Amino acid sequence: MPSVLPDGEPVPEDGSLPASALDASADRPLAFYLHVPYCATRCGYCDFNTYTATELRGSGGVLASRDNYAATLADEVRLARKVLGDDPRPVRTVFVGGGTPTLLAAGDLVAMLGAVRDEFGLADDAEVTTEANPESVDPAYLAELREGGFNRISFGMQSARRHVLKILDRTHTPGRPEACVAEARAAGFDHVNLDLIYGTPGESDDDWRASLDAAVGAGPDHVSAYALIVEEGTQLARRIRRGEVPMTDDDVHADRYLIAEETLSAAGFEWYEVSNWTASQAGRCLHNELYWRGADWWGAGPGAHSHVGGVRWWNVKHPGAYAAALAQGRSPGAGRELLSAEDRRVERVLLELRLREGVPLELLRKAGLEASGRALSEGLLEPGPYEAGRAALTLRGRLLADAVVRDLVD
């Protein structure tokens, strides 16, 4: 969740949506994202809407405290119930992200999930995920989460090499994420993800291979691997600008991606989205797939984004302002936009092209369809799916996904 919010029209104080937003809602899955904006320290590459205790001190008082955060977030879940009215849909997925959700007590995360369950109900096969910092959990904590209804967990591993973690300002020790996978399995989690980052300044090919080998050896059923993006305003961007560490390189990123594909495929993982691999169909992150396929989701928490029936809105960023709005009975929404049919078409192409199944060719305009033919001839799209009416990326196409999608959206 980037820290910079877009512009948009005002959100009504009661958070109400246009009636059209709920048209045919029964045909769309409903998901919840619950944002926990707290971190023990700020990682040098992070541009997310997160806050350390020092950053919050004196700027929000008790309202910004993580001690009562679960109760505050539950207020927004109850607001969601009012806004969505008698919407009968049970929630298909819940994803708790951050920040570092596991800085809160396990009971707080369970209480946040409980608010969603009480107000909306959960589907019988609901996927319930939390992100976790390896240093902020232990076996008892994980067992409490599992007992409380969480069935998927994602650990931020980033790298197995100490010097790479140091550049990223990550505080966990090498080996701890792998141990967390075993602890999560022992607690009863069937689905465990490890997040990796490649292209960090000072990382070598051998460092990256070691990280992949360590991740695979730990036994998760899902691995996410993201190229490092140096965001303006971050500590890492300042260090690069001062010449303390070298700038990341696109060619290096491409090489590291190929190493990831080779290593993960050899270990029995298959890609299903450009940056995500899974060992089984059941291991895919359904919550993210709902994002990529344009489902409805309510994002609760400071800076969280939501989308329901073509209406997208976002909350105020600061935890104090967020809590104050809810305490006053107001929506914490900072702005919103109504997506046109063309906006939604373009977003489908942008997001679905990244999926293994690709995007229907019928979504493309004339120029985009012509571009897809060129991409096919250049080996960027798979011939079989293309003949069946879908644009699906080849391995080379995945390396150039941003360029391909720009051409396909005209």
# chains A, B, ... in the order shown; residues from 1 in each chain; ligands from 1

$ residues_around --residues "Gly85 of chain A" --least-positions-apart "4" --cutoff "12 Å" --atoms "only C-alpha atoms" --output "list in words"
Gly15, Ser16, Leu17, Ala19, Leu22, Ser25, Arg78, Leu79, Ala80, Arg81, Arg89, Glu119 and Phe120 of chain A

$ residues_around --residues "segment 144-147 of chain A" --least-positions-apart "5" --cutoff "9 Å" --atoms "only C-alpha atoms" --output "PyMOL selection string"
chain A and resi 106-107+109-110+139+152+184+187-189

$ write_last_selection --atoms "all heavy atoms" --output "PDB file, in the first residue's frame"
ATOM      1  N   ALA A 106      -1.712 -11.619  19.157  1.00  0.00           N
ATOM      2  CA  ALA A 106      -2.458 -12.553  18.316  1.00  0.00           C
ATOM      3  C   ALA A 106      -3.958 -12.407  18.557  1.00  0.00           C
ATOM      4  O   ALA A 106      -4.765 -12.492  17.620  1.00  0.00           O
ATOM      5  CB  ALA A 106      -2.003 -13.985  18.593  1.00  0.00           C
ATOM      6  N   GLY A 107      -4.339 -12.160  19.802  1.00  0.00           N
ATOM      7  CA  GLY A 107      -5.751 -11.989  20.121  1.00  0.00           C
ATOM      8  C   GLY A 107      -6.371 -10.801  19.415  1.00  0.00           C
ATOM      9  O   GLY A 107      -7.565 -10.809  19.090  1.00  0.00           O
ATOM     10  N   LEU A 109      -5.490  -9.727  16.333  1.00  0.00           N
ATOM     11  CA  LEU A 109      -5.743 -10.141  14.956  1.00  0.00           C
ATOM     12  C   LEU A 109      -6.977 -11.038  14.886  1.00  0.00           C
ATOM     13  O   LEU A 109      -7.797 -10.922  13.965  1.00  0.00           O
ATOM     14  CB  LEU A 109      -4.529 -10.863  14.370  1.00  0.00           C
ATOM     15  CG  LEU A 109      -3.212 -10.089  14.320  1.00  0.00           C
ATOM     16  CD1 LEU A 109      -2.181 -10.854  13.502  1.00  0.00           C
ATOM     17  CD2 LEU A 109      -3.400  -8.708  13.742  1.00  0.00           C
ATOM     18  N   VAL A 110      -7.113 -11.914  15.859  1.00  0.00           N
ATOM     19  CA  VAL A 110      -8.292 -12.781  15.909  1.00  0.00           C
ATOM     20  C   VAL A 110      -9.554 -11.952  16.118  1.00  0.00           C
ATOM     21  O   VAL A 110     -10.609 -12.232  15.522  1.00  0.00           O
ATOM     22  CB  VAL A 110      -8.125 -13.844  17.017  1.00  0.00           C
ATOM     23  CG1 VAL A 110      -9.424 -14.627  17.225  1.00  0.00           C
ATOM     24  CG2 VAL A 110      -6.981 -14.797  16.669  1.00  0.00           C
ATOM     25  N   PRO A 139       5.955 -20.095  18.428  1.00  0.00           N
ATOM     26  CA  PRO A 139       4.975 -21.176  18.271  1.00  0.00           C
ATOM     27  C   PRO A 139       3.641 -20.914  18.952  1.00  0.00           C
ATOM     28  O   PRO A 139       2.573 -21.232  18.393  1.00  0.00           O
ATOM     29  CB  PRO A 139       5.700 -22.384  18.888  1.00  0.00           C
ATOM     30  CG  PRO A 139       7.148 -22.115  18.627  1.00  0.00           C
ATOM     31  CD  PRO A 139       7.290 -20.627  18.815  1.00  0.00           C
ATOM     32  N   ARG A 152      -3.766 -19.268   6.524  1.00  0.00           N
ATOM     33  CA  ARG A 152      -2.667 -18.992   5.593  1.00  0.00           C
ATOM     34  C   ARG A 152      -1.808 -17.893   6.213  1.00  0.00           C
ATOM     35  O   ARG A 152      -2.329 -16.977   6.832  1.00  0.00           O
ATOM     36  CB  ARG A 152      -3.202 -18.542   4.238  1.00  0.00           C
ATOM     37  CG  ARG A 152      -2.143 -18.427   3.140  1.00  0.00           C
ATOM     38  CD  ARG A 152      -2.779 -18.088   1.785  1.00  0.00           C
ATOM     39  NE  ARG A 152      -1.771 -18.051   0.738  1.00  0.00           N
ATOM     40  CZ  ARG A 152      -0.991 -17.017   0.478  1.00  0.00           C
ATOM     41  NH1 ARG A 152      -1.147 -15.887   1.180  1.00  0.00           N
ATOM     42  NH2 ARG A 152      -0.082 -17.077  -0.472  1.00  0.00           N
ATOM     43  N   ALA A 184       4.897 -22.744  11.749  1.00  0.00           N
ATOM     44  CA  ALA A 184       3.544 -22.562  11.215  1.00  0.00           C
ATOM     45  C   ALA A 184       2.924 -23.908  10.842  1.00  0.00           C
ATOM     46  O   ALA A 184       1.732 -24.153  11.090  1.00  0.00           O
ATOM     47  CB  ALA A 184       3.577 -21.632  10.008  1.00  0.00           C
ATOM     48  N   ALA A 187       1.773 -25.595  13.862  1.00  0.00           N
ATOM     49  CA  ALA A 187       0.573 -24.965  14.413  1.00  0.00           C
ATOM     50  C   ALA A 187      -0.678 -25.330  13.623  1.00  0.00           C
ATOM     51  O   ALA A 187      -1.795 -25.015  14.060  1.00  0.00           O
ATOM     52  CB  ALA A 187       0.738 -23.445  14.435  1.00  0.00           C
ATOM     53  N   GLY A 188      -0.497 -25.958  12.441  1.00  0.00           N
ATOM     54  CA  GLY A 188      -1.643 -26.386  11.657  1.00  0.00           C
ATOM     55  C   GLY A 188      -1.922 -25.582  10.406  1.00  0.00           C
ATOM     56  O   GLY A 188      -2.962 -25.775   9.760  1.00  0.00           O
ATOM     57  N   PHE A 189      -1.010 -24.674  10.026  1.00  0.00           N
ATOM     58  CA  PHE A 189      -1.202 -23.907   8.798  1.00  0.00           C
ATOM     59  C   PHE A 189      -0.895 -24.787   7.587  1.00  0.00           C
ATOM     60  O   PHE A 189       0.210 -25.305   7.448  1.00  0.00           O
ATOM     61  CB  PHE A 189      -0.287 -22.681   8.776  1.00  0.00           C
ATOM     62  CG  PHE A 189      -0.767 -21.540   9.623  1.00  0.00           C
ATOM     63  CD1 PHE A 189      -0.400 -21.447  10.955  1.00  0.00           C
ATOM     64  CD2 PHE A 189      -1.605 -20.565   9.090  1.00  0.00           C
ATOM     65  CE1 PHE A 189      -0.849 -20.397  11.751  1.00  0.00           C
ATOM     66  CE2 PHE A 189      -2.059 -19.515   9.872  1.00  0.00           C
ATOM     67  CZ  PHE A 189      -1.688 -19.425  11.208  1.00  0.00           C
TER      68      PHE A 189
END

$ residues_around --residues "His307 of chain A" --least-positions-apart "5" --cutoff "7 Å" --atoms "only C-alpha atoms" --output "ChimeraX atom specification"
/A:296-298,312-313

$ residues_around --residues "segment 344-358 of chain A" --least-positions-apart "4" --cutoff "8 Å" --atoms "only C-alpha atoms" --output "PyMOL selection string"
chain A and resi 271-274+292-294+310+339-340+363-364+390-393+398+401+405+408-409

$ closest_residue --among "A:Phe32, A:Phe95, A:Phe269, A:Trp314" --to "Pro302 of chain A" --atoms "only C-alpha atoms"
A:Trp314

$ closest_residue --among "A:Ser154, A:Thr263, A:Thr248, A:Thr171" --to "Ala214 of chain A" --atoms "only C-alpha atoms"
A:Thr263

$ atom_distance --atom1 "atom CA of Ala371 of chain A" --atom2 "atom CA of Pro385 of chain A"
15.9 Å

$ residues_around --residues "Asp125 of chain A" --least-positions-apart "5" --cutoff "10 Å" --atoms "only C-alpha atoms" --output "compact mmCIF listing (two decimals) with N, CA, C and O atoms, in the first residue's frame"
# COMPACT_ATOMS: atom_id res chain seq x y z
N VAL A 91 -17.97 -13.43 3.26
CA VAL A 91 -16.65 -12.98 2.84
C VAL A 91 -15.82 -14.19 2.39
O VAL A 91 -15.70 -15.18 3.12
N ARG A 92 -15.26 -14.06 1.20
CA ARG A 92 -14.50 -15.17 0.60
C ARG A 92 -13.06 -15.20 1.08
O ARG A 92 -12.49 -16.28 1.27
N THR A 93 -12.45 -14.02 1.25
CA THR A 93 -11.07 -13.97 1.74
C THR A 93 -10.90 -12.79 2.69
O THR A 93 -11.56 -11.75 2.55

$ residues_around --residues "Ile197 of chain A" --least-positions-apart "6" --cutoff "9 Å" --atoms "only C-alpha atoms" --output "list of chain:residue names"
A:Met157, A:Gln158, A:Ser159, A:Trp208, A:Ser224, A:Ala225, A:Tyr226, A:Ala227, A:Leu228

$ closest_residue --among "A:Leu165, A:Val116, A:Val308, A:Met247" --to "Leu290 of chain A" --atoms "only C-alpha atoms"
A:Val308

$ select_by_dssp --residues "segment 159-239 of chain A" --states "strand (DSSP E or B)" --output "ChimeraX atom specification"
/A:191-198,222-227

$ atom_distance --atom1 "atom CA of Ala334 of chain A" --atom2 "atom CA of Asp118 of chain A"
26.3 Å

$ closest_residue --among "A:Ala31, A:Ala182, A:Leu381, A:Ala324" --to "Leu113 of chain A" --atoms "only C-alpha atoms"
A:Ala31

$ select_by_dssp --residues "segment 249-399 of chain A" --states "helix (DSSP H, G or I)" --output "PyMOL selection string"
chain A and resi 250-266+281-283+286-292+319-327+341-352+361-363+366-377+383-387+395-399

$ write_last_selection --atoms "C-alpha atoms" --output "mmCIF file, in the first residue's frame"
data_model
loop_
_atom_site.group_PDB
_atom_site.id
_atom_site.type_symbol
_atom_site.label_atom_id
_atom_site.label_comp_id
_atom_site.auth_asym_id
_atom_site.auth_seq_id
_atom_site.Cartn_x
_atom_site.Cartn_y
_atom_site.Cartn_z
ATOM 1 C CA ASP A 250 17.109 -3.841 -15.015
ATOM 2 C CA ASP A 251 19.332 -6.421 -16.715
ATOM 3 C CA VAL A 252 20.295 -7.835 -13.327
ATOM 4 C CA HIS A 253 16.608 -8.014 -12.408
ATOM 5 C CA ALA A 254 15.905 -10.005 -15.576
ATOM 6 C CA ASP A 255 18.741 -12.430 -14.827
ATOM 7 C CA ARG A 256 17.531 -12.903 -11.260
ATOM 8 C CA TYR A 257 13.991 -13.554 -12.474
ATOM 9 C CA LEU A 258 15.251 -16.290 -14.779
ATOM 10 C CA ILE A 259 17.171 -17.826 -11.869
ATOM 11 C CA ALA A 260 13.979 -17.764 -9.784
ATOM 12 C CA GLU A 261 11.957 -19.430 -12.527
ATOM 13 C CA GLU A 262 14.605 -22.120 -13.024
ATOM 14 C CA THR A 263 15.037 -22.845 -9.305
ATOM 15 C CA LEU A 264 11.376 -22.803 -8.362
ATOM 16 C CA SER A 265 10.265 -24.849 -11.367
ATOM 17 C CA ALA A 266 12.905 -27.475 -10.596
ATOM 18 C CA GLN A 281 -3.560 -25.128 -7.089
ATOM 19 C CA ALA A 282 -4.741 -24.907 -3.485
ATOM 20 C CA GLY A 283 -1.650 -22.905 -2.568
ATOM 21 C CA LEU A 286 -7.006 -16.365 -3.682
ATOM 22 C CA HIS A 287 -7.146 -12.934 -2.050
ATOM 23 C CA ASN A 288 -4.661 -11.494 -4.531
ATOM 24 C CA GLU A 289 -6.414 -13.257 -7.376
ATOM 25 C CA LEU A 290 -9.611 -11.449 -6.415
ATOM 26 C CA TYR A 291 -7.720 -8.159 -6.718
ATOM 27 C CA TRP A 292 -6.320 -9.137 -10.094
ATOM 28 C CA PRO A 319 -3.792 6.409 12.306
ATOM 29 C CA GLY A 320 -4.843 9.326 14.517
ATOM 30 C CA ALA A 321 -6.997 10.923 11.818
ATOM 31 C CA TYR A 322 -8.423 7.526 10.935
ATOM 32 C CA ALA A 323 -9.428 6.758 14.519
ATOM 33 C CA ALA A 324 -10.818 10.271 15.053
ATOM 34 C CA ALA A 325 -13.134 9.978 12.040
ATOM 35 C CA LEU A 326 -14.563 6.678 13.239
ATOM 36 C CA ALA A 327 -14.919 7.958 16.812
ATOM 37 C CA ALA A 341 -16.438 1.028 -18.338
ATOM 38 C CA GLU A 342 -13.247 1.932 -20.211
ATOM 39 C CA ASP A 343 -11.318 2.322 -16.937
ATOM 40 C CA ARG A 344 -12.412 -1.147 -15.883
ATOM 41 C CA ARG A 345 -11.532 -2.662 -19.262
ATOM 42 C CA VAL A 346 -8.031 -1.183 -19.122
ATOM 43 C CA GLU A 347 -7.534 -2.402 -15.552
ATOM 44 C CA ARG A 348 -8.583 -5.911 -16.522
ATOM 45 C CA VAL A 349 -5.966 -5.950 -19.284
ATOM 46 C CA LEU A 350 -3.298 -4.500 -16.962
ATOM 47 C CA LEU A 351 -3.904 -7.047 -14.215
ATOM 48 C CA GLU A 352 -5.101 -10.205 -15.934
ATOM 49 C CA LEU A 361 -8.429 -11.049 -26.614
ATOM 50 C CA GLU A 362 -11.989 -9.749 -26.831
ATOM 51 C CA LEU A 363 -11.028 -7.105 -24.258
ATOM 52 C CA LYS A 366 -8.125 -2.667 -32.577
ATOM 53 C CA ALA A 367 -4.675 -1.212 -31.827
ATOM 54 C CA GLY A 368 -4.220 -3.538 -28.865
ATOM 55 C CA LEU A 369 -5.238 -6.555 -30.921
ATOM 56 C CA GLU A 370 -2.727 -5.618 -33.601
ATOM 57 C CA ALA A 371 -0.075 -5.219 -30.912
ATOM 58 C CA SER A 372 -0.936 -8.657 -29.555
ATOM 59 C CA GLY A 373 -0.266 -10.146 -32.991
ATOM 60 C CA ARG A 374 3.174 -8.537 -33.004
ATOM 61 C CA ALA A 375 3.822 -9.782 -29.471
ATOM 62 C CA LEU A 376 2.896 -13.298 -30.586
ATOM 63 C CA SER A 377 5.319 -13.170 -33.523
ATOM 64 C CA PRO A 383 0.614 -19.610 -29.356
ATOM 65 C CA GLY A 384 -1.825 -22.170 -27.894
ATOM 66 C CA PRO A 385 -3.800 -19.802 -25.655
ATOM 67 C CA TYR A 386 -3.712 -17.172 -28.423
ATOM 68 C CA GLU A 387 -5.452 -19.541 -30.820
ATOM 69 C CA LEU A 395 8.700 -16.607 -20.090
ATOM 70 C CA ARG A 396 10.251 -13.919 -22.286
ATOM 71 C CA GLY A 397 6.960 -12.061 -22.163
ATOM 72 C CA ARG A 398 7.050 -12.102 -18.373
ATOM 73 C CA LEU A 399 10.430 -10.376 -18.460
#

$ closest_residue --among "A:Gly156, A:Asn193, A:Ala111, A:Glu382" --to "Asp75 of chain A" --atoms "only C-alpha atoms"
A:Ala111

$ closest_residue --among "A:His35, A:His318, A:His222, A:Arg406" --to "Gly98 of chain A" --atoms "only C-alpha atoms"
A:His35

$ atom_distance --atom1 "atom CA of Arg242 of chain A" --atom2 "atom CA of His163 of chain A"
19.3 Å
